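Text of entry_3.txt (compact mmCIF, C-alpha atoms) as supplied:
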# COMPACT_ATOMS: atom_id res chain seq x y z
CA ILE A 1 0.00 0.00 0.00
CA TYR A 2 1.31 3.42 -0.93
CA LEU A 3 -0.18 6.47 0.69
CA LYS A 4 2.87 8.72 0.93
CA TRP A 5 2.22 12.26 -0.27
CA SER A 6 4.89 12.75 -2.95
CA LYS A 7 4.60 15.99 -4.89
CA GLY A 8 5.58 15.79 -8.53
CA LYS A 9 6.58 12.10 -8.49
CA LYS A 10 4.93 9.89 -11.09
CA ILE A 11 5.66 6.41 -9.78
CA MET A 12 2.68 4.22 -10.39
CA PHE A 13 2.47 3.77 -14.17
CA ARG A 14 6.11 3.46 -15.11
CA ARG A 15 6.43 1.16 -18.15
CA ALA A 16 2.79 0.13 -17.79
CA SER A 17 1.16 -1.27 -20.94
CA GLN A 18 -2.27 -0.09 -19.77
CA GLN A 19 -3.40 2.35 -17.10
CA LEU A 20 -6.62 1.74 -15.14
CA ILE A 21 -8.22 3.53 -12.21
CA LEU A 22 -10.62 1.90 -9.77
CA CYS A 23 -12.80 4.23 -7.68
CA CYS A 24 -14.91 2.51 -5.02
CA ALA A 25 -17.38 5.11 -3.77
CA GLU A 26 -20.10 4.49 -1.17
CA THR A 27 -22.86 3.77 -3.67
CA GLU A 28 -20.98 3.45 -6.95
CA VAL A 29 -17.96 1.57 -8.30
CA VAL A 30 -16.18 2.85 -11.42
CA CYS A 31 -13.34 1.44 -13.47
CA ALA A 32 -11.86 3.91 -15.93
CA MET A 33 -8.86 4.69 -18.05
CA ASN A 34 -7.39 7.85 -19.48
CA THR A 35 -8.28 8.32 -23.14
CA LYS A 36 -4.89 9.76 -24.08
CA ALA A 37 -1.72 10.42 -22.15
CA SER A 38 -1.81 10.75 -18.37
CA GLY A 39 -1.52 14.52 -18.85
CA ASP A 40 -4.99 14.79 -20.43
CA LEU A 41 -7.18 16.23 -17.69
CA LYS A 42 -10.31 16.84 -19.75
CA GLN A 43 -11.46 13.31 -20.59
CA LEU A 44 -11.94 10.03 -18.75
CA ASN A 45 -13.08 6.82 -20.40
CA VAL A 46 -15.33 4.74 -18.12
CA ILE A 47 -15.05 1.06 -19.06
CA GLY A 48 -17.03 -0.40 -16.16
CA ARG A 49 -19.57 0.97 -13.68
CA TYR A 50 -22.33 -0.23 -11.38
CA GLU A 51 -24.28 0.99 -8.37
CA LYS A 52 -24.07 -0.81 -5.03
CA GLN A 53 -25.62 -0.67 -1.60
CA PRO A 54 -23.66 1.23 1.08
CA GLY A 55 -21.46 -1.15 3.06
CA SER A 56 -21.76 -4.03 0.59
CA ASP A 57 -18.73 -5.79 -0.87
CA ILE A 58 -17.40 -4.83 -4.28
CA ASP A 59 -18.51 -7.20 -7.04
CA MET A 60 -15.35 -7.22 -9.13
CA THR A 61 -16.68 -9.99 -11.40
CA ARG A 62 -19.57 -7.74 -12.40
CA LEU A 63 -17.34 -4.71 -12.81
CA LEU A 64 -14.71 -6.45 -14.93
CA ALA A 65 -17.10 -8.50 -17.07
CA GLY A 66 -16.00 -8.35 -20.68
CA MET A 67 -12.65 -6.76 -19.84
CA SER A 68 -9.64 -8.14 -21.69
CA ARG A 69 -6.90 -10.11 -19.95
CA ASN A 70 -4.18 -7.73 -21.11
CA LYS A 71 -1.75 -6.79 -18.36
CA ALA A 72 -2.44 -3.47 -16.71
CA LYS A 73 -1.43 -1.38 -13.72
CA VAL A 74 -4.30 -0.28 -11.48
CA ALA A 75 -4.65 2.66 -9.09
CA PHE A 76 -7.30 2.34 -6.39
CA VAL A 77 -8.95 5.35 -4.75
CA ALA A 78 -11.75 5.29 -2.15
CA PRO A 79 -13.61 7.79 0.07
CA LEU A 80 -11.88 8.58 3.33
CA ASN A 81 -14.67 7.02 5.39
CA GLN A 82 -13.68 3.56 4.11
CA PHE A 83 -10.40 3.99 5.97
CA SER A 84 -10.00 4.15 9.70
CA ILE A 85 -7.87 7.03 10.94
CA VAL A 86 -5.83 6.77 14.13
CA ASN A 87 -3.64 9.50 15.61
CA VAL A 88 -0.73 8.38 17.79
CA THR A 89 2.29 9.95 19.45
CA VAL A 90 5.76 8.41 19.18
CA PRO A 91 9.26 9.56 20.23
CA ALA A 92 11.16 11.76 17.79
CA LEU A 93 13.07 9.09 15.86
CA PRO A 94 14.18 8.56 12.24
CA ARG A 95 11.44 7.34 9.90
CA GLU A 96 12.90 3.84 9.73
CA ALA A 97 12.78 3.50 13.52
CA VAL A 98 9.22 4.88 13.63
CA ALA A 99 8.13 2.32 11.03
CA ARG A 100 9.58 -0.52 13.13
CA MET A 101 7.90 0.55 16.37
CA LEU A 102 4.54 1.54 14.87
CA PRO A 103 2.98 -1.98 14.92
CA TYR A 104 3.55 -2.16 18.68
CA THR A 105 2.17 1.35 19.17
CA LEU A 106 -0.94 0.53 17.15
CA SER A 107 -1.50 -2.72 19.04
CA LYS A 108 -2.04 -0.65 22.20
CA VAL A 109 -4.87 1.44 20.72
CA LEU A 110 -6.63 -0.99 18.38
CA SER A 111 -9.16 -3.54 19.53
CA SER A 112 -8.29 -5.83 16.59
CA PRO A 113 -4.88 -7.29 15.70
CA VAL A 114 -2.70 -5.03 13.55
CA SER A 115 -2.38 -7.90 11.07
CA GLU A 116 -6.03 -7.38 10.07
CA PHE A 117 -5.19 -4.05 8.45
CA LEU A 118 -3.09 -2.55 5.71
CA TYR A 119 -1.82 0.75 7.00
CA ASP A 120 0.33 3.70 6.14
CA TRP A 121 1.16 6.86 8.02
CA GLN A 122 2.35 10.42 7.79
CA ILE A 123 3.80 12.90 10.27
CA SER A 124 1.14 15.47 11.14
CA GLN A 125 3.17 17.42 13.72
CA GLN A 126 6.84 17.34 14.62
CA PHE A 127 8.24 18.45 17.98
CA LYS A 128 11.68 18.30 19.54
CA ASP A 129 10.90 15.19 21.60
CA ARG A 130 7.95 13.57 19.82
CA LEU A 131 6.09 13.08 16.56
CA GLU A 132 2.32 13.18 16.04
CA LEU A 133 1.36 10.60 13.40
CA THR A 134 -1.80 10.14 11.36
CA VAL A 135 -2.26 6.46 10.50
CA TYR A 136 -4.63 5.24 7.76
CA LEU A 137 -5.91 1.68 8.07
CA PHE A 138 -7.82 -0.45 5.55
CA PRO A 139 -9.19 -3.99 6.14
CA VAL A 140 -6.71 -6.45 4.68
CA LEU A 141 -9.39 -9.02 3.78
CA LYS A 142 -11.29 -6.46 1.73
CA TYR A 143 -8.12 -5.34 -0.01
CA ASN A 144 -7.00 -8.91 -0.77
CA ALA A 145 -10.40 -9.74 -2.29
CA ILE A 146 -10.09 -6.79 -4.67
CA LYS A 147 -6.49 -7.63 -5.46
CA GLN A 148 -7.31 -11.29 -6.18
CA SER A 149 -10.18 -10.40 -8.52
CA LEU A 150 -7.95 -8.02 -10.44
CA SER A 151 -5.07 -10.49 -10.67
CA GLU A 152 -7.39 -13.01 -12.35
CA LYS A 153 -7.64 -10.48 -15.18
CA GLN A 154 -3.86 -9.86 -15.06
CA LYS A 155 -4.38 -6.48 -13.41
CA GLU A 156 -1.96 -5.38 -10.68
CA VAL A 157 -2.75 -2.83 -7.96
CA VAL A 158 0.25 -0.52 -7.69
CA TRP A 159 -1.24 2.51 -5.93
CA PHE A 160 -3.90 2.94 -3.28
CA GLU A 161 -4.99 6.10 -1.49
CA PRO A 162 -7.95 8.01 0.05
CA ASP A 163 -9.93 10.56 -1.95
CA ILE A 164 -8.38 13.67 -0.37
CA PHE A 165 -4.91 12.71 -1.66
CA SER A 166 -6.18 12.19 -5.22
CA GLY A 167 -8.15 15.42 -5.07
CA PHE A 168 -5.18 17.59 -4.17
CA SER A 169 -3.10 15.73 -6.76
CA LEU A 170 -5.53 16.88 -9.45
CA LEU A 171 -5.48 20.47 -8.17
CA GLU A 172 -1.68 20.45 -8.44
CA ALA A 173 -1.81 19.00 -11.95
CA THR A 174 -4.29 21.64 -13.15
CA ASP A 175 -1.95 24.39 -11.94
CA GLU A 176 -4.39 25.77 -9.39
CA ASP A 177 -2.91 28.50 -7.20
CA LEU A 178 -2.12 26.65 -3.97
CA SER A 179 0.41 29.17 -2.67
CA GLU A 180 -1.99 29.85 0.22
CA PRO A 181 -3.57 27.10 2.38
CA ALA A 182 -6.63 25.49 0.81
CA ILE A 183 -9.45 23.26 2.05
CA LEU A 184 -10.85 20.45 -0.07
CA LEU A 185 -14.39 19.29 0.80
CA LEU A 186 -15.79 16.18 -0.90
CA LEU A 187 -19.46 15.30 -0.43
CA TRP A 188 -20.55 11.65 -0.56
CA LYS A 189 -23.98 10.16 0.07
CA HIS A 190 -23.24 9.22 3.68
CA SER A 191 -20.09 11.14 4.61
CA ILE A 192 -17.89 14.12 3.87
CA SER A 193 -14.13 14.11 3.43
CA ILE A 194 -12.19 17.23 4.40
CA GLY A 195 -8.49 18.01 3.96
CA VAL A 196 -6.19 21.02 4.30
CA TYR A 197 -3.20 21.61 2.02
CA GLU A 198 -0.36 23.97 2.90
CA LYS A 199 3.18 24.29 1.54
CA ASP A 200 3.03 21.16 -0.64
CA GLU A 201 1.71 19.02 2.22
CA ILE A 202 -1.65 17.71 3.36
CA THR A 203 -1.61 18.88 6.95
CA LEU A 204 -5.05 17.74 8.13
CA VAL A 205 -7.59 15.13 7.03
CA ARG A 206 -11.04 14.41 8.46
CA SER A 207 -13.92 12.08 7.68
CA VAL A 208 -17.35 12.97 9.08
CA GLU A 209 -20.37 10.69 8.82
CA LEU A 210 -23.19 12.83 7.43
CA ASN A 211 -26.18 11.70 5.36
CA MET A 212 -27.07 13.80 2.33
CA PRO A 213 -30.86 14.33 2.09
CA GLN A 214 -32.54 12.58 -0.80
CA ASP A 215 -35.05 15.29 -1.68
CA SER A 216 -34.25 18.37 -3.73
CA PRO A 217 -32.42 21.27 -2.04
CA ASP A 218 -35.17 23.51 -3.46
CA GLU A 219 -37.24 22.26 -0.52
CA ILE A 220 -35.19 24.62 1.68
CA LYS A 221 -36.94 27.71 0.34
CA LYS A 222 -40.35 26.04 0.39
CA LYS A 223 -40.03 24.92 4.01
CA SER A 224 -38.59 28.28 5.03
CA VAL A 225 -41.65 30.11 3.64
CA GLU A 226 -44.00 27.67 5.40
CA LYS A 227 -42.27 28.21 8.75
CA LYS A 228 -42.41 32.00 8.43
CA GLN A 229 -46.14 31.79 7.82
CA GLU A 230 -46.57 29.68 10.96
CA ILE A 231 -45.09 32.36 13.28
CA PRO A 232 -46.04 35.94 12.28
CA GLY A 233 -43.34 38.50 13.02
CA LYS A 234 -40.66 35.85 13.53
CA SER A 235 -38.03 34.36 11.22
CA ILE A 236 -37.03 30.76 11.69
CA ALA A 237 -33.29 30.34 12.19
CA PRO A 238 -31.53 27.08 11.22
CA GLY A 239 -31.65 24.71 14.15
CA GLY A 240 -35.14 25.72 15.27
CA GLY A 241 -34.47 29.10 16.94
CA THR A 242 -36.31 32.32 16.17
CA VAL A 243 -35.09 35.78 15.30
CA SER A 244 -37.33 38.81 15.57
CA GLU A 245 -37.79 40.78 12.35
CA ASP A 246 -37.23 43.95 14.38
CA SER A 247 -33.94 42.74 15.83
CA GLU A 248 -30.79 44.46 14.62
CA GLU A 249 -28.77 41.32 15.29
CA SER A 250 -28.37 38.93 12.35
CA TYR A 251 -28.46 35.18 12.76
CA ASP A 252 -25.03 33.52 12.85
CA PRO A 253 -25.32 30.14 11.08
CA PHE A 254 -22.10 28.92 12.69
CA PHE A 255 -23.09 29.57 16.30
CA SER A 256 -24.00 26.47 18.24
CA PRO A 257 -25.96 27.17 21.44
CA GLU A 258 -24.85 23.82 22.85
CA SER A 259 -21.24 24.97 22.98
CA ASP A 260 -19.25 28.20 22.96
CA ASN A 261 -16.11 26.37 21.88
CA ILE A 262 -15.81 25.69 18.16
CA LEU A 263 -13.35 22.86 18.89
CA ALA A 264 -15.66 20.99 21.28
CA GLY A 265 -15.56 17.29 20.50
CA PHE A 266 -12.88 17.85 17.84
CA ASP A 267 -10.31 15.42 19.25
CA LEU A 268 -8.01 14.46 16.39
CA LEU A 269 -4.97 13.74 18.52
CA HIS A 270 -5.02 11.59 21.62
CA GLY A 271 -2.42 10.43 24.07
CA GLU A 272 -1.36 6.88 24.59
CA GLY A 273 -0.73 6.49 28.32
CA GLU A 274 -0.06 3.08 29.77
CA GLY A 275 -3.47 2.95 31.41
CA GLU A 276 -5.35 3.80 28.22
CA GLU A 277 -7.91 1.21 27.19
CA LYS A 278 -7.89 -0.25 23.72
CA GLN A 279 -10.47 1.29 21.44
CA ALA A 280 -12.15 0.09 18.29
CA VAL A 281 -10.84 1.65 15.11
CA SER A 282 -14.32 2.76 14.08
CA GLU A 283 -14.53 4.98 17.16
CA ASN A 284 -11.90 7.30 15.70
CA ARG A 285 -14.16 8.29 12.82
CA GLU A 286 -16.09 11.45 13.58
CA LYS A 287 -19.84 10.99 13.67
CA VAL A 288 -22.49 13.67 13.38
CA ASP A 289 -25.81 11.91 12.82
CA ASP A 290 -27.01 8.56 11.49
CA SER A 291 -30.43 9.83 10.46
CA GLU A 292 -31.26 11.79 7.36
CA GLY A 293 -32.21 15.37 8.15
CA SER A 294 -33.38 18.32 6.11
CA TRP A 295 -31.22 20.20 3.63
CA GLU A 296 -31.24 23.13 6.03
CA GLU A 297 -29.65 21.00 8.77
CA TYR A 298 -27.29 19.33 6.29
CA LEU A 299 -25.92 22.61 4.95
CA GLU A 300 -25.65 24.11 8.43
CA THR A 301 -23.57 21.10 9.55
CA ILE A 302 -21.29 21.40 6.52
CA GLY A 303 -20.71 25.08 7.24
CA LEU A 304 -19.82 24.30 10.82
CA GLU A 305 -17.42 21.47 9.82
CA ILE A 306 -15.62 23.78 7.39
CA LEU A 307 -15.25 26.38 10.13
CA ARG A 308 -14.02 23.84 12.67
CA THR A 309 -11.48 22.44 10.18
CA GLY A 310 -10.00 25.85 9.42
CA ASP A 311 -9.96 26.80 13.09
CA TYR A 312 -8.18 23.60 14.09
CA HIS A 313 -5.62 24.11 11.32
CA THR A 314 -4.75 27.61 12.55
CA SER A 315 -5.14 27.32 16.34
CA VAL A 316 -3.80 23.80 16.96
CA LEU A 317 -1.57 23.03 13.97
CA LYS A 318 -0.40 26.67 13.88
CA GLY A 319 -0.90 26.96 10.13
CA LYS A 320 -1.99 29.99 8.14
CA ALA A 321 -5.68 30.64 7.68
CA PRO A 322 -7.03 28.83 4.58
CA ALA A 323 -7.74 31.15 1.66
CA LYS A 324 -9.60 28.79 -0.70
CA LEU A 325 -12.29 26.17 -0.43
CA TYR A 326 -12.76 23.57 -3.19
CA ILE A 327 -16.04 21.65 -3.10
CA GLY A 328 -16.69 18.39 -4.95
CA GLY A 329 -19.87 16.35 -5.20
CA ALA A 330 -22.11 19.38 -4.61
CA GLU A 331 -23.78 19.70 -8.00
CA CYS A 332 -27.19 20.08 -6.33
CA CYS A 333 -26.18 22.47 -3.55
CA PHE A 334 -23.00 24.32 -4.54
CA GLN A 335 -24.66 27.76 -4.55
CA GLN A 336 -26.26 27.18 -1.14
CA ILE A 337 -22.95 26.11 0.43
CA THR A 338 -21.14 29.06 -1.17
CA LYS A 339 -23.69 31.51 0.20
CA LEU A 340 -23.52 29.96 3.66
CA VAL A 341 -19.71 30.00 3.79
CA ARG A 342 -19.47 33.62 2.67
CA GLN A 343 -21.73 34.69 5.53
CA GLY A 344 -19.15 33.77 8.15
CA GLN A 345 -15.80 32.97 6.52
CA ASN A 346 -13.30 34.71 4.29
CA LEU A 347 -12.84 31.92 1.76
CA GLN A 348 -12.72 31.92 -2.02
CA VAL A 349 -15.07 29.09 -3.03
CA GLU A 350 -14.31 27.02 -6.14
CA LYS A 351 -15.69 23.82 -7.67
CA PHE A 352 -13.86 20.50 -7.72
CA PRO A 353 -12.76 19.51 -10.26
CA PRO A 354 -11.89 23.04 -11.37
CA ASN A 355 -12.50 22.20 -15.06
CA LYS A 356 -15.30 20.12 -16.58
CA ILE A 357 -14.28 16.55 -17.43
CA GLU A 358 -15.92 14.62 -20.25
CA SER A 359 -16.97 11.35 -18.66
CA GLU A 360 -19.95 9.06 -18.07
CA CYS A 361 -19.46 9.15 -14.28
CA SER A 362 -19.93 12.05 -11.87
CA GLN A 363 -17.52 14.98 -11.93
CA LEU A 364 -16.35 14.11 -8.41
CA ILE A 365 -15.35 10.55 -9.32
CA ALA A 366 -13.88 11.67 -12.65
CA GLY A 367 -11.74 14.25 -10.85
CA LEU A 368 -10.45 11.71 -8.33
CA CYS A 369 -9.65 9.20 -11.08
CA LEU A 370 -7.62 11.75 -13.02
CA GLY A 371 -6.01 12.92 -9.78
CA VAL A 372 -4.71 9.49 -8.81
CA LEU A 373 -3.52 9.04 -12.39
CA GLN A 374 -1.04 11.89 -11.82
CA ARG A 375 0.66 10.13 -8.90

Please re-express this file's structure in structure tokens.
Amino acid sequence: IYLKWSKGKKIMFRRASQQLILCCAETEVVCAMNTKASGDLKQLNVIGRYEKQPGSDIDMTRLLAGMSRNKAKVAFVAPLNQFSIVNVTVPALPREAVARMLPYTLSKVLSSPVSEFLYDWQISQQFKDRLELTVYLFPVLKYNAIKQSLSEKQKEVVWFEPDIFSGFSLLEATDEDLSEPAILLLLWKHSISIGVYEKDEITLVRSVELNMPQDSPDEIKKKSVEKKQEIPGKSIAPGGGTVSEDSEESYDPFFSPESDNILAGFDLLHGEGEGEEKQAVSENREKVDDSEGSWEEYLETIGLEILRTGDYHTSVLKGKAPAKLYIGGAECCFQQITKLVRQGQNLQVEKFPPNKIESECSQLIAGLCLGVLQR
């Protein structure tokens, strides 16, 4: 497994006779190939695609039906919520020494044996006496099943990474101005992936479980009008509060009455004392709500998560304030998110991918496929 963030290095398709990309989203699986050279960022040829139920296994036989047995190199990209993310602290040692001691460190915080996972790691913070590591784990049985199905068609997996890495790879390849810190937000059916990029490095990654409503976002305006008619003289604020029409104070969509601390519950880094109990890997994934709410609640939560991400990056990681926000997977609600963000944050909002890609799959998946192709 290769998850190292390597700017400008094209490793994966060296001397490859054919280049394939496998994107396993929550409800869709796509196999694609670049129509021309790997530098063509305007087209993506989808050669296999099917929809699946969330949480179900990938049916590689169905996906690869009719595909030739010609040898090919395959890159595999998946949403961040399919990985488990663990943050650990280790002594300040050379990378080789950290790699040797990491299995023991992980065994103290995981409830399952380390051998049940493929994992890779990156240094998120470096101090004089210690290193803060972000570790990405993927179930080895699931990975081996995919690898075996591909090998039967003479296809070899040579690169594997979460969506945030592929997304920033595409932004680099399209010559986007990343001289200032940027946030990448990717919306999936049942989760959002968030990452921050600064000085050629991904400094922060987050996966938040959040269900996208199934109805049209146009229902927001309709429901808002209905609520205003219910209470004369009052405006309904997101979250159920009321604001008087005569009040000079405007509603702040990012204020949470339950907490006056924007970082409440935002525990990305945790210690590893000797008395610490082992915890299941799934517990490290941030969870907002299992149920499907309204678009109003959904957009309000997204705005808050963007704010919390930027605040954590500046106040805890001591980075510069993000200047740009790229949003992918928001074809139905991009304008609403943009409006909400501009009410409380100084961010330039752009679409991901930045340029339209000719493809039979969604723009989000097409962008990630072309992004991982640049690695």

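With all atoms listed in the file as the basis for measurement, A:Val158 is the residue among A:Ala25, A:Leu131, A:Val158, A:Ile202 that approaches Arg375 (chain A) most closely.
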
>> Residues within 9 Å of (-15.5, 10.4, -13.5), file coordinates, counting all atoms listed in the file: what are they? Give the list as an MDAnalysis selection string.
In response: chainID A and resid 23 30 32 43:46 357:370

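The residue that comes closest to Lys351 (chain A), out of A:Asp129, A:Glu172, A:Glu331, A:Glu161 and on the basis of all atoms listed in the file, is A:Glu331.
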
> Neighbours of Gln125 (chain A) within 9 Å (all atoms listed in the file; same-chain residues fewer than 6 positions away dropped), as a list of chain:residue names?
Replying inline: A:Leu131, A:Glu132, A:Leu133, A:Thr203, A:Leu317

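Using all atoms listed in the file, the residues found no farther than 8 Å from Met60 (chain A), other than those of its own chain fewer than 3 positions away, are Leu63, Leu64, Ile146, Ser149 and Leu150 of chain A.
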
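Among the candidates A:Ser207, A:Ser111, A:Thr134, A:Gln345, the residue lying nearest to Leu185 (chain A) is A:Ser207 (atoms considered: all atoms listed in the file).
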
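Comparing A:Cys332, A:Leu325, A:Val114, A:Asp311 by their smallest distance to Met212 (chain A), the closest is A:Cys332 (using only C-alpha atoms).
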
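If all atoms listed in the file are the atoms counted, then among A:Tyr197, A:Ala92, A:Lys73, A:Asn355 the closest residue to Lys128 (chain A) is A:Ala92.
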
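Taking CA of Pro213 (chain A) as the reference point, CA of Ala330 (chain A) is found at 12.1 Å.
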
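For the pair CA of Glu297 (chain A) and CA of Phe352 (chain A), the separation is 22.8 Å.
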
Axis-aligned box for region 142-146 of chain A, 5 Å per side, centre and edges in Å as lines of an AutoDock Vina configuration file:
center_x = -9.1
center_y = -7.5
center_z = -1.5
size_x = 14.3
size_y = 14.4
size_z = 16.4

> When distances are computed from all atoms listed in the file, which of A:Asp57, A:Glu300, A:Asp200, A:Glu96 shows the smallest separation from Phe168 (chain A)?
Replying inline: A:Asp200

>> Taking 3 positions as the minimum chain separation for residues in the same chain, which residues sit within 9 Å of Pro354 (chain A) when counting all atoms listed in the file? Answer as number ranges by chain.
In response: A: 171, 174, 176, 326, 350-351, 367

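CA of Trp159 (chain A) is positioned 24.6 Å from CA of Pro94 (chain A).
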